[in-house]
$ cat data35.txt   # compact mmCIF, C-alpha atoms
# COMPACT_ATOMS: atom_id res chain seq x y z
CA MET J 1 34.01 -10.35 14.11
CA GLN J 2 30.70 -8.58 13.77
CA SER J 3 28.07 -9.46 16.34
CA THR J 4 25.07 -11.34 14.98
CA HIS J 5 22.83 -8.33 15.56
CA LEU J 6 25.24 -5.89 13.89
CA ARG J 7 25.77 -8.22 10.93
CA GLU J 8 22.02 -8.55 10.43
CA HIS J 9 21.59 -4.78 10.63
CA ASN J 10 24.35 -4.20 8.06
CA LEU J 11 23.04 -6.86 5.68
CA SER J 12 19.60 -5.26 5.88
CA THR J 13 21.04 -1.80 5.29
CA ILE J 14 22.86 -2.96 2.16
CA LEU J 15 19.91 -4.90 0.73
CA ARG J 16 17.48 -2.04 1.36
CA ALA J 17 19.87 0.42 -0.30
CA LEU J 18 20.12 -1.79 -3.37
CA THR J 19 16.36 -2.28 -3.70
CA ALA J 20 15.76 1.47 -3.28
CA ALA J 21 18.41 2.28 -5.88
CA SER J 22 16.99 -0.24 -8.37
CA ALA J 23 13.60 1.47 -8.17
CA THR J 24 14.71 5.08 -8.40
CA SER J 25 18.24 5.38 -9.83
CA ALA J 26 21.19 3.62 -11.42
CA PRO J 27 22.60 0.44 -9.85
CA LEU J 28 25.17 0.85 -7.08
CA SER J 29 28.71 -0.51 -6.92
CA ARG J 30 30.45 -1.71 -3.77
CA ALA J 31 32.13 1.68 -3.47
CA GLY J 32 28.80 3.44 -4.00
CA LEU J 33 27.21 1.28 -1.31
CA ALA J 34 29.98 2.08 1.15
CA LYS J 35 29.53 5.80 0.54
CA LEU J 36 25.73 5.64 0.79
CA THR J 37 25.54 3.40 3.87
CA ARG J 38 28.68 4.78 5.60
CA LEU J 39 29.93 1.25 6.14
CA THR J 40 33.58 0.46 5.51
CA LYS J 41 34.53 -0.89 2.09
CA PRO J 42 35.81 -4.22 3.52
CA THR J 43 32.53 -4.69 5.43
CA VAL J 44 30.47 -3.93 2.33
CA SER J 45 32.55 -6.29 0.16
CA LYS J 46 32.23 -9.17 2.64
CA LEU J 47 28.47 -8.77 3.12
CA VAL J 48 27.81 -8.30 -0.59
CA GLU J 49 29.57 -11.62 -1.25
CA GLU J 50 27.23 -13.30 1.24
CA LEU J 51 24.19 -11.78 -0.46
CA VAL J 52 25.45 -12.81 -3.91
CA ASP J 53 26.15 -16.38 -2.73
CA ALA J 54 22.62 -16.53 -1.29
CA SER J 55 21.11 -15.39 -4.63
CA LEU J 56 19.73 -12.23 -3.09
CA VAL J 57 22.01 -9.88 -5.06
CA GLU J 58 23.27 -10.07 -8.64
CA GLU J 59 26.48 -8.74 -10.15
CA SER J 60 26.27 -7.36 -13.68
CA ALA J 61 29.09 -7.13 -16.19
CA PRO J 62 31.76 -4.57 -15.23
CA VAL J 63 31.23 -1.08 -16.65
CA SER J 64 34.13 1.24 -17.44
CA THR J 65 33.70 4.67 -15.88
CA GLY J 66 37.01 6.17 -17.02
CA ALA J 67 40.24 5.92 -15.06
CA GLY J 68 40.52 3.22 -12.45
CA ARG J 69 38.84 -0.14 -12.05
CA PRO J 70 35.58 -0.82 -13.92
CA MET J 71 32.44 -0.56 -11.80
CA VAL J 72 30.56 -3.80 -11.05
CA PRO J 73 26.83 -2.90 -10.83
CA LEU J 74 24.89 -4.62 -8.07
CA THR J 75 21.12 -5.21 -8.20
CA PRO J 76 18.56 -7.25 -6.24
CA ALA J 77 18.39 -10.76 -7.65
CA ARG J 78 15.62 -11.51 -10.12
CA GLY J 79 13.44 -14.59 -9.96
CA THR J 80 15.12 -16.19 -6.95
CA LEU J 81 12.26 -15.72 -4.50
CA LEU J 82 8.55 -14.95 -4.55
CA ALA J 83 6.62 -12.41 -2.47
CA ILE J 84 2.84 -12.72 -2.83
CA GLY J 85 0.24 -10.01 -2.46
CA LEU J 86 -3.49 -10.73 -2.25
CA GLU J 87 -6.31 -8.22 -2.58
CA ILE J 88 -9.88 -8.97 -1.52
CA ALA J 89 -12.13 -6.13 -2.68
CA ALA J 90 -15.87 -5.69 -3.04
CA ASP J 91 -15.85 -6.57 -6.72
CA HIS J 92 -12.72 -8.66 -7.29
CA ILE J 93 -10.00 -10.86 -5.84
CA ALA J 94 -6.47 -10.53 -7.17
CA CYS J 95 -3.06 -12.07 -6.52
CA LEU J 96 0.38 -10.80 -7.52
CA GLY J 97 3.80 -12.40 -7.22
CA VAL J 98 6.98 -10.31 -7.38
CA ASP J 99 10.66 -10.98 -6.82
CA LEU J 100 13.18 -9.03 -4.78
CA ALA J 101 13.76 -6.65 -7.68
CA GLY J 102 10.03 -5.86 -7.73
CA GLU J 103 9.51 -7.53 -11.09
CA VAL J 104 6.15 -9.23 -11.63
CA LEU J 105 6.50 -13.01 -11.86
CA ALA J 106 2.78 -13.82 -11.93
CA HIS J 107 -0.60 -12.10 -11.78
CA GLN J 108 -4.12 -13.48 -11.40
CA ILE J 109 -7.47 -11.72 -11.00
CA GLU J 110 -11.10 -12.85 -10.80
CA TYR J 111 -14.07 -10.46 -10.77
CA ARG J 112 -16.58 -11.55 -8.13
CA LYS J 113 -18.97 -9.71 -5.83
CA VAL J 114 -17.68 -10.26 -2.29
CA THR J 115 -20.21 -10.09 0.56
CA ALA J 116 -20.79 -11.67 3.96
CA ALA J 117 -22.70 -14.49 2.26
CA SER J 118 -19.79 -15.24 -0.08
CA ALA J 119 -16.93 -14.88 2.42
CA GLU J 120 -16.01 -18.59 2.42
CA GLU J 121 -16.15 -18.71 -1.36
CA ALA J 122 -13.99 -15.58 -1.60
CA ILE J 123 -11.34 -17.02 0.72
CA ASP J 124 -11.33 -20.30 -1.20
CA LEU J 125 -10.84 -18.36 -4.45
CA ALA J 126 -8.05 -16.28 -2.88
CA ALA J 127 -6.23 -19.48 -1.91
CA GLU J 128 -6.75 -20.86 -5.40
CA LEU J 129 -5.21 -17.72 -6.91
CA VAL J 130 -2.19 -18.08 -4.64
CA GLY J 131 -1.76 -21.60 -5.99
CA ARG J 132 -1.97 -20.35 -9.56
CA VAL J 133 0.58 -17.60 -8.91
CA ARG J 134 3.00 -20.05 -7.31
CA ALA J 135 2.72 -22.33 -10.32
CA GLU J 136 3.09 -19.48 -12.80
CA ALA J 137 6.16 -18.19 -10.96
CA GLY J 138 7.92 -21.50 -11.47
CA GLY J 139 8.36 -22.76 -7.94
CA ALA J 140 10.46 -19.93 -6.50
CA PRO J 141 10.55 -20.09 -2.67
CA VAL J 142 7.81 -17.97 -1.08
CA VAL J 143 8.82 -15.28 1.42
CA GLU J 144 5.35 -14.38 2.69
CA VAL J 145 1.74 -13.83 1.65
CA VAL J 146 0.15 -10.49 2.58
CA ALA J 147 -3.59 -9.97 2.07
CA ALA J 148 -5.03 -6.48 1.53
CA VAL J 149 -8.55 -6.03 2.91
CA PRO J 150 -10.73 -2.87 3.08
CA GLY J 151 -11.28 -2.99 6.81
CA ARG J 152 -9.84 -3.22 10.31
CA ILE J 153 -7.60 -6.20 11.05
CA ALA J 154 -6.93 -7.78 14.44
CA PRO J 155 -3.16 -7.47 14.94
CA ASP J 156 -2.84 -10.76 16.83
CA ASP J 157 -4.45 -13.32 14.51
CA GLY J 158 -5.40 -11.57 11.25
CA ARG J 159 -9.15 -11.62 11.80
CA VAL J 160 -11.11 -9.08 9.79
CA LEU J 161 -12.87 -7.29 12.63
CA SER J 162 -14.94 -5.10 10.36
CA ALA J 163 -14.96 -4.52 6.61
CA PRO J 164 -18.19 -2.59 5.92
CA ASN J 165 -17.77 -2.56 2.15
CA LEU J 166 -17.54 -6.36 2.17
CA ASP J 167 -20.16 -6.64 4.94
CA TRP J 168 -17.60 -8.74 6.85
CA THR J 169 -17.48 -8.89 10.65
CA GLU J 170 -15.17 -11.16 12.65
CA VAL J 171 -14.03 -13.19 9.64
CA PRO J 172 -10.94 -15.32 10.49
CA LEU J 173 -9.26 -14.61 7.16
CA VAL J 174 -5.68 -15.62 7.96
CA GLY J 175 -6.74 -18.75 9.82
CA ARG J 176 -8.88 -19.91 6.92
CA LEU J 177 -6.17 -19.18 4.37
CA LEU J 178 -3.61 -21.16 6.37
CA ALA J 179 -6.00 -24.12 6.42
CA ARG J 180 -5.94 -24.31 2.62
CA PRO J 181 -3.39 -26.67 0.99
CA GLU J 182 -2.22 -23.95 -1.42
CA LEU J 183 -0.83 -21.99 1.57
CA ALA J 184 0.36 -24.87 3.75
CA GLY J 185 3.59 -23.99 5.51
CA LEU J 186 3.60 -20.35 4.36
CA ALA J 187 3.73 -17.19 6.44
CA VAL J 188 0.47 -15.27 5.97
CA ARG J 189 -0.78 -11.96 7.37
CA ALA J 190 -3.49 -9.44 6.56
CA GLN J 191 -3.40 -5.65 6.49
CA ASN J 192 -5.72 -2.77 5.69
CA ASP J 193 -5.69 -2.07 1.94
CA ASN J 194 -5.04 1.67 2.29
CA ARG J 195 -2.06 1.12 4.57
CA LEU J 196 -0.63 -1.13 1.88
CA SER J 197 -1.50 1.22 -0.99
CA VAL J 198 0.56 4.01 0.57
CA LEU J 199 3.76 1.92 0.49
CA THR J 200 4.25 2.63 -3.21
CA GLU J 201 3.83 6.35 -2.48
CA ILE J 202 6.45 6.14 0.30
CA ASP J 203 8.89 4.70 -2.26
CA ARG J 204 8.20 7.70 -4.47
CA ARG J 205 8.60 10.20 -1.59
CA PRO J 206 11.48 8.85 0.54
CA GLY J 207 11.79 10.52 3.92
CA GLU J 208 8.74 12.77 3.45
CA SER J 209 5.81 13.37 5.80
CA PHE J 210 2.28 13.49 4.42
CA ILE J 211 -1.36 12.55 4.78
CA TYR J 212 -2.58 9.98 2.26
CA LEU J 213 -6.27 9.83 1.29
CA ARG J 214 -7.65 7.19 -1.06
CA GLY J 215 -11.12 7.23 -2.55
CA SER J 216 -12.43 3.79 -3.41
CA THR J 217 -15.48 1.71 -2.48
CA GLY J 218 -14.82 3.31 0.91
CA VAL J 219 -12.50 6.14 1.94
CA GLY J 220 -9.27 5.29 3.69
CA GLY J 221 -5.85 6.68 4.25
CA ALA J 222 -2.62 6.70 6.16
CA VAL J 223 -0.24 9.00 7.99
CA VAL J 224 3.42 8.99 6.94
CA LEU J 225 6.03 10.64 9.19
CA ASP J 226 9.60 11.01 7.88
CA GLY J 227 9.06 8.18 5.42
CA GLU J 228 7.63 5.79 8.02
CA LEU J 229 4.03 4.61 8.17
CA MET J 230 2.35 5.56 11.45
CA GLY J 231 0.73 2.51 13.06
CA GLY J 232 -1.14 3.49 16.19
CA ALA J 233 -2.03 1.29 19.16
CA HIS J 234 -4.00 -1.18 17.02
CA GLY J 235 -2.44 -0.56 13.61
CA TRP J 236 -5.44 1.46 12.46
CA ALA J 237 -3.96 4.98 12.25
CA GLY J 238 -5.20 6.92 9.23
CA GLU J 239 -8.89 5.90 9.19
CA PHE J 240 -9.88 9.24 7.68
CA GLY J 241 -13.02 7.75 6.19
CA HIS J 242 -14.52 7.62 9.68
CA THR J 243 -13.67 11.18 10.61
CA VAL J 244 -16.95 12.88 11.53
CA ILE J 245 -17.65 15.82 9.25
CA GLU J 246 -21.34 16.23 10.13
CA PRO J 247 -22.52 15.11 13.59
CA GLY J 248 -25.80 13.23 13.28
CA GLY J 249 -25.46 13.23 9.48
CA ALA J 250 -25.76 10.46 6.89
CA VAL J 251 -25.50 6.85 8.03
CA CYS J 252 -22.15 5.27 7.23
CA ARG J 253 -21.67 1.60 6.42
CA CYS J 254 -19.81 1.29 9.73
CA GLY J 255 -23.15 1.98 11.46
CA ARG J 256 -22.22 5.46 12.71
CA ARG J 257 -23.44 8.81 11.42
CA GLY J 258 -21.69 11.71 9.73
CA CYS J 259 -18.48 9.91 8.62
CA LEU J 260 -16.58 11.25 5.63
CA GLU J 261 -17.11 7.86 3.96
CA ALA J 262 -20.89 8.37 4.12
CA TYR J 263 -20.48 11.30 1.73
CA VAL J 264 -17.59 10.72 -0.67
CA SER J 265 -17.07 6.95 -0.99
CA TYR J 266 -17.96 5.21 -4.25
CA HIS J 267 -20.91 3.46 -2.62
CA ALA J 268 -22.28 6.64 -1.02
CA LEU J 269 -22.00 8.77 -4.16
CA ARG J 270 -23.42 6.09 -6.44
CA GLU J 271 -26.35 5.31 -4.16
CA ARG J 272 -27.17 9.01 -3.61
CA ALA J 273 -27.31 9.56 -7.38
CA ARG J 274 -29.19 6.26 -7.92
CA LEU J 275 -26.52 4.99 -10.32
CA GLY J 276 -26.25 1.29 -11.10
CA ASP J 277 -23.40 -0.82 -9.77
CA ASP J 278 -22.15 -1.19 -13.36
CA VAL J 279 -20.58 2.29 -13.06
CA ARG J 280 -16.85 1.80 -12.54
CA ILE J 281 -15.03 3.77 -9.84
CA GLU J 282 -12.81 5.50 -12.39
CA ASP J 283 -15.94 6.71 -14.26
CA LEU J 284 -17.81 7.78 -11.13
CA VAL J 285 -17.36 11.55 -11.28
CA ASP J 286 -18.24 11.70 -14.99
CA ALA J 287 -21.37 9.61 -14.34
CA LEU J 288 -22.36 11.86 -11.43
CA ALA J 289 -21.91 14.94 -13.60
CA LEU J 290 -24.44 13.55 -16.06
CA THR J 291 -27.04 13.51 -13.27
CA GLY J 292 -26.40 17.13 -12.30
CA ASP J 293 -23.76 19.86 -12.33
CA ARG J 294 -20.11 18.73 -12.29
CA THR J 295 -19.07 21.84 -10.38
CA GLU J 296 -21.61 20.98 -7.68
CA VAL J 297 -20.34 17.40 -7.45
CA ILE J 298 -16.70 18.51 -7.19
CA GLY J 299 -17.71 21.13 -4.61
CA MET J 300 -19.47 18.62 -2.38
CA ILE J 301 -16.56 16.14 -2.52
CA GLY J 302 -13.97 18.88 -2.02
CA ARG J 303 -15.72 20.49 0.96
CA SER J 304 -16.21 17.12 2.68
CA LEU J 305 -12.57 16.19 2.16
CA GLY J 306 -11.46 19.66 3.24
CA LEU J 307 -13.13 19.34 6.64
CA ALA J 308 -11.55 15.95 7.32
CA ILE J 309 -8.15 17.16 6.11
CA ALA J 310 -8.32 20.36 8.21
CA ASN J 311 -9.02 18.32 11.36
CA ALA J 312 -6.11 15.98 10.59
CA LEU J 313 -3.71 18.86 9.88
CA ASN J 314 -4.63 20.54 13.17
CA ILE J 315 -3.74 17.36 15.05
CA LEU J 316 -0.69 16.23 13.08
CA ASP J 317 0.87 19.57 12.04
CA LEU J 318 1.65 18.38 8.49
CA THR J 319 1.59 20.38 5.26
CA THR J 320 1.24 17.81 2.46
CA VAL J 321 -1.86 15.87 1.40
CA VAL J 322 -1.72 13.18 -1.29
CA LEU J 323 -4.95 12.16 -3.05
CA SER J 324 -5.23 8.64 -4.44
CA GLY J 325 -7.78 6.25 -5.90
CA TYR J 326 -10.65 7.89 -7.77
CA LEU J 327 -9.63 11.21 -6.16
CA ALA J 328 -6.29 11.34 -8.03
CA PRO J 329 -7.59 12.03 -11.56
CA ILE J 330 -9.79 14.89 -10.26
CA ALA J 331 -7.19 16.27 -7.84
CA ALA J 332 -6.67 19.44 -9.90
CA GLU J 333 -10.42 20.18 -9.77
CA LEU J 334 -10.69 19.36 -6.07
CA GLU J 335 -7.60 21.33 -5.04
CA PRO J 336 -9.10 24.86 -4.92
CA VAL J 337 -12.21 23.67 -3.04
CA ILE J 338 -10.17 21.66 -0.54
CA ARG J 339 -7.75 24.57 -0.11
CA ARG J 340 -10.51 27.09 0.67
CA THR J 341 -12.03 24.75 3.25
CA VAL J 342 -8.67 23.95 4.83
CA GLU J 343 -7.74 27.63 5.04
CA GLU J 344 -10.99 28.31 6.90
CA HIS J 345 -10.40 25.58 9.49
CA ALA J 346 -6.72 24.53 9.72
CA LEU J 347 -4.13 26.33 11.82
CA ALA J 348 -1.38 25.04 9.53
CA ALA J 349 -2.62 27.37 6.79
CA GLU J 350 -1.34 30.31 8.83
CA ALA J 351 2.24 29.05 8.46
CA GLY J 352 2.12 28.80 4.68
CA PRO J 353 0.33 27.06 1.81
CA ILE J 354 -0.77 23.44 2.13
CA ARG J 355 0.48 21.14 -0.63
CA ILE J 356 -2.37 19.14 -2.18
CA GLU J 357 -1.00 16.60 -4.65
CA ARG J 358 -2.10 13.51 -6.52
CA SER J 359 -0.59 10.07 -6.12
CA ASP J 360 1.49 8.35 -8.77
CA ALA J 361 -1.72 6.61 -9.95
CA LEU J 362 -0.24 3.11 -10.01
CA VAL J 363 -2.65 0.44 -11.19
CA GLU J 364 -3.76 -1.83 -8.30
CA PRO J 365 -1.89 0.08 -5.56
CA ALA J 366 -3.22 -2.10 -2.71
CA LEU J 367 -2.20 -5.31 -4.48
CA ARG J 368 1.24 -3.96 -5.34
CA GLY J 369 1.65 -2.64 -1.82
CA ALA J 370 0.74 -6.06 -0.41
CA ALA J 371 3.38 -7.74 -2.58
CA ARG J 372 5.92 -5.12 -1.54
CA ALA J 373 5.07 -5.73 2.13
CA ALA J 374 5.56 -9.46 1.59
CA LEU J 375 9.24 -8.77 0.83
CA GLN J 376 9.84 -7.26 4.27
CA PRO J 377 11.03 -10.45 6.03
CA VAL J 378 13.95 -10.67 3.61
CA LEU J 379 14.73 -6.95 3.71
CA SER J 380 14.53 -6.84 7.52
CA GLU J 381 16.41 -10.07 8.26
CA PRO J 382 18.43 -11.16 5.23
CA GLY J 383 20.80 -13.10 7.50
CA ALA J 384 17.93 -15.33 8.59
CA TRP J 385 16.98 -15.88 4.95
CA ILE J 386 20.62 -16.74 4.10
CA ALA J 387 20.69 -19.29 6.93
CA ARG J 388 17.37 -20.75 5.79
CA GLY J 389 18.69 -21.16 2.25
CA SER J 390 21.87 -22.88 3.39
$ encode --input "data35.txt" --output "structure tokens"
Amino acid sequence: MQSTHLREHNLSTILRALTAASATSAPLSRAGLAKLTRLTKPTVSKLVEELVDASLVEESAPVSTGAGRPMVPLTPARGTLLAIGLEIAADHIACLGVDLAGEVLAHQIEYRKVTAASAEEAIDLAAELVGRVRAEAGGAPVVEVVAAVPGRIAPDDGRVLSAPNLDWTEVPLVGRLLARPELAGLAVRAQNDNRLSVLTEIDRRPGESFIYLRGSTGVGGAVVLDGELMGGAHGWAGEFGHTVIEPGGAVCRCGRRGCLEAYVSYHALRERARLGDDVRIEDLVDALALTGDRTEVIGMIGRSLGLAIANALNILDLTTVVLSGYLAPIAAELEPVIRRTVEEHALAAEAGPIRIERSDALVEPALRGAARAALQPVLSEPGAWIARGS
């Protein structure tokens, strides 16, 4: 008999392998799972049956692969559970529901300006969108709700300690969501939007180490080591937007001076060029170029990023940087400027060239990352989910 802990670990290993395979390659068979996970074939067969009976895994029609028994493809079950991601941003609130296979079951979005004055209204709307997504998804059981917020989150109770681009301070987001009838009885947590955005990039780069930088209304990021997201003592690791690149420089929305975000965030660039708030983030660089020289704009952004990246590389000893958000489409233009600045300041450049790459440019990466994170309770403890279902 397997111990409870070992059984849970093996169930998780199998389910994670199947979800990873469904996203990046062909479905696995029982034999393929045994080879990949290094579990014995009898163990795999027994645990797969449990996952199938619990509607967490599906068996497809047998496929002939030549001599021997036909292969029975295994995939994460579709439509049997619902993981919900929320995104509260400066200009919109969105909600996404996905199943274990990552397929979208429901999607809702409302464009609203979110500020300190409208915090209650925004949270009410977020709860309403969760209700709509649950209805649209057809009543599938909810695993968890994860809210993506552009700020620092208290790890104990989900308070938004500071979200400068929303002008939020000490907003009890999770507590207020749990008080709404649409979320009664659900598990809810909040996380920084950039730390959720990077999850889709981790799926694309399994086992890799890299620095992730995302340009949006603010500037955020994350540190990934061997395929795992670095947390830090408070879960805030990767706040590159508040790296000081010019002591005593421009005032940042966090109240400090000289932060990277004070120079290359959407808000900072738009306000410096006196552009209206009708300019979309994806059109920002083109709009800035109309007010001056595009080469100058790219140079300023690239040099600012280069200083922050060089400091991070000196501390972390990494060699890959991934640019996301509004930075991704202009990554090819930024790359030579960033590289020159990094080579002037980073020790890592002495060991070989730094890789500066763009993200996969998924639409709504924070929202999709939040929904992906909401699947974790099932992936981490499928045995507990099986027991709950029975």
$ atom_distance --input "data35.txt" --atom1 "atom CA of J:Cys95" --atom2 "atom CA of J:Glu228"
25.4 Å
$ residues_around --input "data35.txt" --residues "J:Glu120" --least-positions-apart "6" --cutoff "12 Å" --atoms "all atoms listed in the file" --output "PDB file with C-alpha atoms, keeping the file's coordinate frame"
ATOM      1  CA  VAL J 114     -17.680 -10.260  -2.290  1.00  0.00           C
ATOM      2  CA  ALA J 126      -8.050 -16.280  -2.880  1.00  0.00           C
ATOM      3  CA  ALA J 127      -6.230 -19.480  -1.910  1.00  0.00           C
ATOM      4  CA  TRP J 168     -17.600  -8.740   6.850  1.00  0.00           C
ATOM      5  CA  VAL J 171     -14.030 -13.190   9.640  1.00  0.00           C
ATOM      6  CA  PRO J 172     -10.940 -15.320  10.490  1.00  0.00           C
ATOM      7  CA  LEU J 173      -9.260 -14.610   7.160  1.00  0.00           C
ATOM      8  CA  GLY J 175      -6.740 -18.750   9.820  1.00  0.00           C
ATOM      9  CA  ARG J 176      -8.880 -19.910   6.920  1.00  0.00           C
ATOM     10  CA  LEU J 177      -6.170 -19.180   4.370  1.00  0.00           C
ATOM     11  CA  ARG J 180      -5.940 -24.310   2.620  1.00  0.00           C
TER      12      ARG J 180
END
$ closest_residue --input "data35.txt" --among "J:Ala273, J:Leu334, J:Ala184, J:Leu51" --to "J:Trp385" --atoms "all atoms listed in the file"
J:Leu51
$ closest_residue --input "data35.txt" --among "J:Pro181, J:Gly276, J:Pro76, J:Pro150" --to "J:Leu288" --atoms "all atoms listed in the file"
J:Gly276
$ axis_aligned_box --input "data35.txt" --around "stretch 291-303 of chain J" --padding-each-side "6 Å" --output "lines of an AutoDock Vina configuration file"
center_x = -20.5
center_y = 17.7
center_z = -6.2
size_x = 25.1
size_y = 20.3
size_z = 26.2
$ residues_around --input "data35.txt" --residues "stretch 209-223 of chain J" --least-positions-apart "2" --cutoff "8 Å" --atoms "all atoms listed in the file" --output "PyMOL selection string"
chain J and resi 90+150+165+194-195+198+207+225-227+229-230+237-241+260-261+264-267+281+318-327
$ closest_residue --input "data35.txt" --among "J:Asp278, J:Asp157, J:Glu333, J:Glu343" --to "J:Glu357" --atoms "only C-alpha atoms"
J:Glu333
$ decode --input "data35.txt" --residues "stretch 373-386 of chain J" --atoms "N, CA, C and O atoms" --output "mmCIF file, in the first residue's frame"
data_model
loop_
_atom_site.group_PDB
_atom_site.id
_atom_site.type_symbol
_atom_site.label_atom_id
_atom_site.label_comp_id
_atom_site.auth_asym_id
_atom_site.auth_seq_id
_atom_site.Cartn_x
_atom_site.Cartn_y
_atom_site.Cartn_z
ATOM 1 N N ALA J 373 -3.155 29.748 -12.289
ATOM 2 C CA ALA J 373 -2.824 29.602 -10.872
ATOM 3 C C ALA J 373 -3.991 29.018 -10.084
ATOM 4 O O ALA J 373 -3.788 28.300 -9.099
ATOM 5 N N ALA J 374 -5.210 29.314 -10.512
ATOM 6 C CA ALA J 374 -6.392 28.811 -9.816
ATOM 7 C C ALA J 374 -6.566 27.303 -9.976
ATOM 8 O O ALA J 374 -7.373 26.687 -9.266
ATOM 9 N N LEU J 375 -5.820 26.685 -10.879
ATOM 10 C CA LEU J 375 -5.851 25.230 -11.035
ATOM 11 C C LEU J 375 -4.927 24.518 -10.050
ATOM 12 O O LEU J 375 -5.010 23.292 -9.888
ATOM 13 N N GLN J 376 -4.028 25.271 -9.411
ATOM 14 C CA GLN J 376 -2.981 24.650 -8.606
ATOM 15 C C GLN J 376 -3.489 23.736 -7.491
ATOM 16 O O GLN J 376 -2.870 22.699 -7.221
ATOM 17 N N PRO J 377 -4.580 24.055 -6.794
ATOM 18 C CA PRO J 377 -5.031 23.129 -5.743
ATOM 19 C C PRO J 377 -5.304 21.717 -6.254
ATOM 20 O O PRO J 377 -5.029 20.742 -5.548
ATOM 21 N N VAL J 378 -5.820 21.607 -7.470
ATOM 22 C CA VAL J 378 -6.070 20.279 -8.036
ATOM 23 C C VAL J 378 -4.768 19.622 -8.468
ATOM 24 O O VAL J 378 -4.546 18.437 -8.229
ATOM 25 N N LEU J 379 -3.885 20.389 -9.098
ATOM 26 C CA LEU J 379 -2.622 19.825 -9.564
ATOM 27 C C LEU J 379 -1.719 19.429 -8.399
ATOM 28 O O LEU J 379 -0.977 18.448 -8.484
ATOM 29 N N SER J 380 -1.773 20.188 -7.304
ATOM 30 C CA SER J 380 -0.913 19.914 -6.154
ATOM 31 C C SER J 380 -1.451 18.787 -5.279
ATOM 32 O O SER J 380 -0.680 17.991 -4.740
ATOM 33 N N GLU J 381 -2.779 18.738 -5.133
ATOM 34 C CA GLU J 381 -3.385 17.737 -4.245
ATOM 35 C C GLU J 381 -4.600 17.089 -4.907
ATOM 36 O O GLU J 381 -5.745 17.243 -4.451
ATOM 37 N N PRO J 382 -4.384 16.356 -5.996
ATOM 38 C CA PRO J 382 -5.529 15.722 -6.661
ATOM 39 C C PRO J 382 -6.254 14.722 -5.778
ATOM 40 O O PRO J 382 -7.466 14.527 -5.907
ATOM 41 N N GLY J 383 -5.509 14.085 -4.848
ATOM 42 C CA GLY J 383 -6.157 13.128 -3.948
ATOM 43 C C GLY J 383 -7.220 13.800 -3.085
ATOM 44 O O GLY J 383 -8.304 13.238 -2.855
ATOM 45 N N ALA J 384 -6.921 15.002 -2.621
ATOM 46 C CA ALA J 384 -7.891 15.750 -1.823
ATOM 47 C C ALA J 384 -9.119 16.105 -2.662
ATOM 48 O O ALA J 384 -10.250 16.077 -2.175
ATOM 49 N N TRP J 385 -8.886 16.438 -3.929
ATOM 50 C CA TRP J 385 -10.001 16.768 -4.823
ATOM 51 C C TRP J 385 -10.846 15.516 -5.104
ATOM 52 O O TRP J 385 -12.070 15.594 -5.156
ATOM 53 N N ILE J 386 -10.175 14.365 -5.253
ATOM 54 C CA ILE J 386 -10.902 13.099 -5.466
ATOM 55 C C ILE J 386 -11.777 12.806 -4.263
ATOM 56 O O ILE J 386 -12.957 12.438 -4.387
#
